[in-house]
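Trainee: Before anything else, here's the structure in question.
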Amino acid sequence: MDAIDRKILAQLQEDGRVSVTDLSERIGLSLSPCHRRVRALEEAGVIDGYRAHINPAKVGLNFSAIVFATLRESTSKSVRSFESALIDIPEIIRAERLFGDPDFMLHIVTHDLAAFQKLYDKHLSALPFVLRLRSTLVMKSIFDNRPVPL
């Protein structure tokens, strides 16, 4: 990866909908080489997708929480089982496995506190191999989906 690839990535992080023509003009590279580089970055997995960034509050998801999960045991079976179960809960918008205790950090959005309580009681507390769940409420999101520093 060279300086031109980094310029391409910086521009795409700023505007993922930019046309290749506009992208090539912004970075000062002709159209064909720019297109080849974008395709190569996609094929190499450096660019792993494009999507719209949705404002949760604008679609009625006004409540955010972070839930820390500690498993009873850290065997490969328990971790796989827990991670697989997370996929079926769409309110979990980000899940991260951590070193140490707790084992996982789950970022959750719901419509309100009542919806979170229902989700917690019905789904989160029923996740396999859970020893303990601790949650904290998000007071304010300062920034989200920040560009990767290049």
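Ligands are numbered from 1 in the order shown, chains are lettered A, B, ... in the order of the structure tokens, and residues start at 1 in each chain.
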If you take only C-alpha atoms and a cut-off of 12 Å, which residues of range 112-144 of chain A touch range 90-107 of chain A, and what are their nearest atom pairs and distances in Å to one decimal, in chain and number order, as CSV?

Mentor:
```
residue,atom,partner,partner_atom,distance
A:Asp112,CA,A:Glu91,CA,11.8
A:Ala115,CA,A:Glu91,CA,10.1
A:Phe116,CA,A:Glu91,CA,9.0
A:Lys118,CA,A:Glu91,CA,11.6
A:Leu119,CA,A:Glu91,CA,8.4
A:Tyr120,CA,A:Glu91,CA,10.6
A:His123,CA,A:Glu91,CA,10.4
A:Leu124,CA,A:Ile92,CA,9.9
A:Phe129,CA,A:Asp103,CA,11.3
A:Val130,CA,A:Asp103,CA,9.9
A:Leu131,CA,A:Pro102,CA,10.1
A:Arg132,CA,A:Pro102,CA,8.7
A:Leu133,CA,A:Pro102,CA,8.8
A:Arg134,CA,A:Pro102,CA,9.0
A:Ser135,CA,A:Leu106,CA,9.1
A:Thr136,CA,A:His107,CA,10.0
A:Leu137,CA,A:His107,CA,10.0
A:Val138,CA,A:His107,CA,9.5
A:Ser141,CA,A:His107,CA,11.8
A:Asp144,CA,A:Arg94,CA,11.4
```

Trainee: Give me, as a ChimeraX atom specification, all polymer residues having an atom no more than 10 Å from range 25-33 of chain A, counting only C-alpha atoms and skipping those fewer than 5 positions away in the same chain.

Mentor: /A:4-8,10-11,18-20,38-39

Trainee: Between CA of Ser81 in chain A and CA of Leu127 in chain A, what is the distance, to one decimal in Å?

Mentor: 8.7 Å

Trainee: Per DSSP on the backbone, filter range 21-125 of chain A down to the residues in strand (DSSP E or B) and report them as a PyMOL selection string.

Mentor: chain A and resi 63-71+92-97+104-110

Trainee: For the selection just defined, write its residues with N, CA and C atoms to a file, as a tab-separated table (two decimals), in the first residue's frame.

Mentor:
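This went into selection_4.tsv:
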```tsv
chain	number	residue	atom	x	y	z
A	63	PHE	N	-32.40	4.76	22.29
A	63	PHE	CA	-31.80	4.23	23.52
A	63	PHE	C	-30.57	3.40	23.17
A	64	SER	N	-29.45	3.69	23.84
A	64	SER	CA	-28.22	2.94	23.60
A	64	SER	C	-27.67	2.43	24.93
A	65	ALA	N	-27.17	1.22	24.89
A	65	ALA	CA	-26.55	0.64	26.07
A	65	ALA	C	-25.33	-0.16	25.65
A	66	ILE	N	-24.43	-0.32	26.59
A	66	ILE	CA	-23.29	-1.21	26.41
A	66	ILE	C	-23.44	-2.29	27.46
A	67	VAL	N	-23.39	-3.53	27.00
A	67	VAL	CA	-23.53	-4.65	27.92
A	67	VAL	C	-22.22	-5.43	27.90
A	68	PHE	N	-21.69	-5.68	29.09
A	68	PHE	CA	-20.48	-6.48	29.26
A	68	PHE	C	-20.90	-7.87	29.69
A	69	ALA	N	-20.43	-8.88	28.98
A	69	ALA	CA	-20.78	-10.26	29.28
A	69	ALA	C	-19.55	-11.04	29.70
A	70	THR	N	-19.69	-11.77	30.80
A	70	THR	CA	-18.65	-12.67	31.27
A	70	THR	C	-19.19	-14.09	31.15
A	71	LEU	N	-18.43	-14.95	30.51
A	71	LEU	CA	-18.86	-16.34	30.33
A	71	LEU	C	-18.46	-17.18	31.54
A	92	ILE	N	-28.13	-5.79	18.69
A	92	ILE	CA	-26.69	-5.72	18.96
A	92	ILE	C	-26.02	-5.25	17.68
A	93	ILE	N	-25.58	-4.01	17.68
A	93	ILE	CA	-25.02	-3.44	16.45
A	93	ILE	C	-23.50	-3.56	16.38
A	94	ARG	N	-22.90	-3.91	17.50
A	94	ARG	CA	-21.46	-4.16	17.53
A	94	ARG	C	-21.16	-5.10	18.68
A	95	ALA	N	-20.35	-6.09	18.42
A	95	ALA	CA	-19.96	-7.05	19.46
A	95	ALA	C	-18.46	-7.27	19.37
A	96	GLU	N	-17.81	-7.18	20.52
A	96	GLU	CA	-16.36	-7.33	20.55
A	96	GLU	C	-15.96	-8.31	21.65
A	97	ARG	N	-15.05	-9.20	21.32
A	97	ARG	CA	-14.48	-10.11	22.32
A	97	ARG	C	-13.29	-9.40	22.94
A	104	PHE	N	-16.85	-10.10	26.73
A	104	PHE	CA	-17.45	-9.47	25.55
A	104	PHE	C	-18.02	-8.10	25.90
A	105	MET	N	-18.02	-7.22	24.90
A	105	MET	CA	-18.68	-5.92	25.01
A	105	MET	C	-19.68	-5.83	23.85
A	106	LEU	N	-20.94	-5.60	24.19
A	106	LEU	CA	-22.02	-5.55	23.22
A	106	LEU	C	-22.61	-4.15	23.17
A	107	HIS	N	-22.67	-3.58	22.00
A	107	HIS	CA	-23.29	-2.26	21.81
A	107	HIS	C	-24.70	-2.49	21.30
A	108	ILE	N	-25.67	-1.94	21.99
A	108	ILE	CA	-27.07	-2.25	21.73
A	108	ILE	C	-27.85	-0.97	21.51
A	109	VAL	N	-28.77	-1.00	20.56
A	109	VAL	CA	-29.71	0.11	20.37
A	109	VAL	C	-31.13	-0.45	20.39
A	110	THR	N	-32.02	0.29	21.04
A	110	THR	CA	-33.45	-0.06	21.07
A	110	THR	C	-34.24	1.25	21.02
```

Trainee: For Ile54 in chain A, please output as a list in words all residues within 12 Å (counting only C-alpha atoms; exclusion window: fewer than 3 positions along the same chain).

Mentor: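 Non-adjacent residues within range: Arg51, Ala57, Lys58, Val59, Gly60, Leu61, Ile93, Asp144 and Asn145 of chain A.
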
Trainee: Would you put the residues from that selection into a file with C-alpha atoms, as a JSON list (two decimals), in the first residue's frame?

Mentor:
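Saved result, again_32.json, follows:
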```json
[["chain", "number", "residue", "atom", "x", "y", "z"],
["A", 51, "ARG", "CA", -23.03, 0.94, 3.33],
["A", 57, "ALA", "CA", -32.36, 8.40, 16.53],
["A", 58, "LYS", "CA", -33.78, 9.34, 13.13],
["A", 59, "VAL", "CA", -35.25, 5.83, 12.80],
["A", 60, "GLY", "CA", -36.64, 5.74, 16.33],
["A", 61, "LEU", "CA", -33.74, 3.98, 18.07],
["A", 93, "ILE", "CA", -25.02, -3.44, 16.45],
["A", 144, "ASP", "CA", -19.37, 6.89, 15.73],
["A", 145, "ASN", "CA", -17.89, 5.15, 12.73]]
```

Trainee: Restricting the calculation to only C-alpha atoms: of A:Leu86, A:Ala40, A:Val148, A:Val79, which residue gets closest to Leu12 in chain A?

Mentor: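 Nearest to Leu12 in chain A: A:Val148.
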
Trainee: One number please: CA of Asp48 in chain A to CA of Ile87 in chain A, in Å, one decimal.

Mentor: 18.7 Å

Trainee: Distance CA of Phe82 in chain A-CA of Pro128 in chain A, one decimal place?

Mentor: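 Answer for the CA of Phe82 in chain A to CA of Pro128 in chain A separation: 5.5 Å.
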
Trainee: Got a sec to tell me which of chain A DSSP assigns to helix (DSSP H, G or I), as a PyMOL selection string?

Mentor: chain A and resi 3-14+20-27+31-43+56-59+76-86+113-124
